[in-house]
Amino acid sequence: MIICSGREVSKMYGGSVVLNDLAFDIYSGDRIGVVGSNGSGKTTLFKLLSGHDKQDSGEIHWKKNIKVGYLEQIPNFSSIITCRGVLELAFKDLIEIQAEMKVLETKMKDEEDSHALNIIMKRYGTIQDEFALKDGYEMEAKIEYISNGLNIQDLLNKNFHDLSGGEKTKVCLGLSLLQNPDIILLDEPTNHLDIGSVEWLSTYLKSYEGTIIVISHDRYFLDEINTKIFDMEGGELTVYHSNYSRFVIEKEQRLLKEFESYKLQQQKIKKMKQTIKTLKEWANRANPPNANMHRRAKSMEKALERMEKIDRPQLNRRKMKLTLDHSDRSGTDVMVMENVSKKYDDKVIVNDGNMGLRYQDKIVLLGNNGVGKSTILKMIMGDIPPDKGKIAIGSNVKIGYLSQGELFPDSGSKVLDSFRENVSVTEGEARNILAKFLFYGHAVFKQVSQLSGGERMRLRLAQLMHQDLNFLVMDEPTNHLDIESREVLEEALSEFNGTILAVSHDRYFINKLFDKVYWIQNGRLTFFEGNYDSVKDKILAKEMDAKQPLEKVKKKNTHTDEKKKDHHSVVGLDQLEQELIELERQMDDIDQKMFHEKDVTMLERLFNEKVEYEHAKDQIYQKLESMMNVG
């Protein structure tokens, strides 16, 4: 079923065409990935779909009563709202009902007039049914489930305005998921998420009942989630019915076919022009001039004008051109970490950690956010000392470091000057190098403080690529880069003749380049041989078990390990479920009695009995939750 369709949709900003005559259909249940280089119109399309902006021409038609969820930017919430309060905004109607229920419960206790009490009870029963029908009793469980999945449990009681930009983004992502719209628009949802949370989000979205449209540079994520691709290029949109990897192949095949058609048409046009020229020459040579040949030439000219010209396909778009300078090789042992420990306050970063890198190793350090990956890189760089143990750098090792944090200080430096601070070349040579990193013309005189995150990353990569290095230490090198730039970076790193140690949550990048992994968790460093997929199977399985889809969590049988895996937990669950059924039956009986009872004293007794049953239900739910969280 089509729930949204666009026809001849166009949009301009500042005199530049951003979207040009777009045509698309969105079906119920679609999983659409929107891809394209930076500035290709992806976010503009989202603004039109969400109603945050309006097209200049064309039409976008929606099926009636479709709810669209999109957070264009971090909203301006109240200055005193907590993160839990932000998430609860998804249940605004339910919270209002819940508040009214509490007020009515107080009134029922205090009301002595039987007629007034009956009116209060009737209203209470109505809104209680509405609360239950809208899954009000699952509200807290849903908030906890989303918080655990996105790893934001520790943020719930903090003031939203005290969070970092990345933390705010994660909380707002949680709000979007809890709102459960018919169409959810996600703009780079995996940014700021650690690998465990990205895996959880992938699993969650696979079982999402609505339509998903996602802008992402995370190719692994696009392969997992999407079955349709909207390719944005040059203000136009092309639809592919595939995931990302298949789309890359299909697009290449389509461009090659279009280029063949373009070449054939150009040959035809060339022949037609030559024929027109020849006919005119022959006609003019005749004495008198041959009118018939002139007519034929004129007819061919009109046919040429009417011909629908095929635009030349852009097979090779402007990309970064990365080539790593080759330094003298390092010694065999590039870096050795022995029994290193480090902690901040009471938080253990690493405890008796050991790591070794040998010449030409390509190793990735993985772990969830906040476990200390960047701290380990800084200890290797010598920026901070370990509390215990030693880190030794091998002979003839020349290190280049790409930091995840502030890539450049906010000084008044221009791009050209900042580049030359690290690379000793003439101004002309510097401008030629920067052009390969897409800094053209006057862009080299732009202040570094005015650059976007992606532009700063490109500038830092330009410096690294042209220094005398044989050991690269990189902290999230693909952050802020579009897909094409990531592909160029991967190609350059694959040809690098030295040693690489990287921290990354880009699973596609990891799989393509790295075959050795160090995993850090709870202060322990563990080495694994293999790429990300094999590491995921060995390590992340336990984490993913704790973050299963909500419906699976409800049905899951509890077990801690193989020795404790028996029928007792199943029996315990069954028993609690039976107790719940019995309590609900008794509460239904009380509701019936209260409806017909006229005596105020008896009504109060029945109400108090029902409250006790409600408390008993809450205790059973807590026991169920506790049993499900075991292991």
# chains A, B, ... in the order shown; residues from 1 in each chain; ligands from 1
>>> select_by_dssp(residues="segment 222-369 of chain A", states="strand (DSSP E)", output="NGL selection string")
:A and (228-233 or 236-240 or 333-344 or 347-358 or 362-366)
>>> residues_around(residues="Phe24 of chain A", least_positions_apart="4", cutoff="8 Å", atoms="only C-alpha atoms", output="list in words")
Ser5, Gly6, Arg7 and Val239 of chain A
>>> write_last_selection(atoms="N, CA, C and O atoms", output="tab-separated table (two decimals), in the first residue's frame")
chain	number	residue	atom	x	y	z
A	5	SER	N	3.52	9.57	-1.82
A	5	SER	CA	4.04	9.64	-3.18
A	5	SER	C	4.42	11.07	-3.51
A	5	SER	O	3.77	12.03	-3.07
A	6	GLY	N	5.51	11.23	-4.24
A	6	GLY	CA	5.96	12.55	-4.66
A	6	GLY	C	6.07	12.60	-6.17
A	6	GLY	O	6.54	11.64	-6.79
A	7	ARG	N	5.64	13.71	-6.75
A	7	ARG	CA	5.69	13.87	-8.20
A	7	ARG	C	6.20	15.27	-8.54
A	7	ARG	O	5.68	16.27	-8.04
A	239	VAL	N	15.79	5.24	-7.67
A	239	VAL	CA	15.37	4.20	-6.72
A	239	VAL	C	15.97	2.85	-7.11
A	239	VAL	O	15.94	2.46	-8.27
>>> residues_around(residues="Asp21 of chain A", least_positions_apart="2", cutoff="7 Å", atoms="only C-alpha atoms", output="JSON, numbers by chain")
{"A": [8, 9, 10, 19, 23]}
>>> residues_around(residues="Val423 of chain A", least_positions_apart="2", cutoff="9 Å", atoms="only C-alpha atoms", output="ChimeraX atom specification")
/A:419-421,425,430,463-464,466-467
>>> select_by_dssp(residues="segment 11-149 of chain A", states="helix (DSSP H, G or I)", output="ChimeraX atom specification")
/A:42-50,83-110,114-133,136-149
>>> residues_around(residues="Val248 of chain A", least_positions_apart="2", cutoff="12 Å", atoms="only C-alpha atoms", output="list in words")
Val35, Gly36, Arg219, Leu222, Asp223, Ile229, Phe230, Asp231, Tyr240, His241, Ser242, Asn243, Tyr244, Ser245, Arg246, Glu250, Lys251, Glu252, Gln253, Arg254, Leu255, Ile483, Glu484 and Glu487 of chain A
>>> residues_around(residues="segment 201-210 of chain A", least_positions_apart="2", cutoff="6 Å", atoms="only C-alpha atoms", output="number ranges by chain")
A: 29, 182-183, 198-199, 549
>>> write_last_selection(atoms="C-alpha atoms", output="PDB file, in the first residue's frame")
ATOM      1  CA  GLY A  29       6.670  -1.373   5.630  1.00  0.00           C
ATOM      2  CA  ASP A 182       3.975   5.102  11.137  1.00  0.00           C
ATOM      3  CA  ILE A 183       7.022   6.488   9.320  1.00  0.00           C
ATOM      4  CA  VAL A 198      24.312  -0.103  16.922  1.00  0.00           C
ATOM      5  CA  GLU A 199      23.770  -3.857  16.902  1.00  0.00           C
ATOM      6  CA  PRO A 549      13.341  -6.998  21.060  1.00  0.00           C
TER       7      PRO A 549
END
>>> atom_distance(atom1="atom CA of His480 of chain A", atom2="atom CA of Ile26 of chain A")
28.1 Å
>>> atom_distance(atom1="atom CA of Tyr359 of chain A", atom2="atom CA of Lys343 of chain A")
29.4 Å
>>> atom_distance(atom1="atom CA of Leu459 of chain A", atom2="atom CA of Gly15 of chain A")
28.8 Å
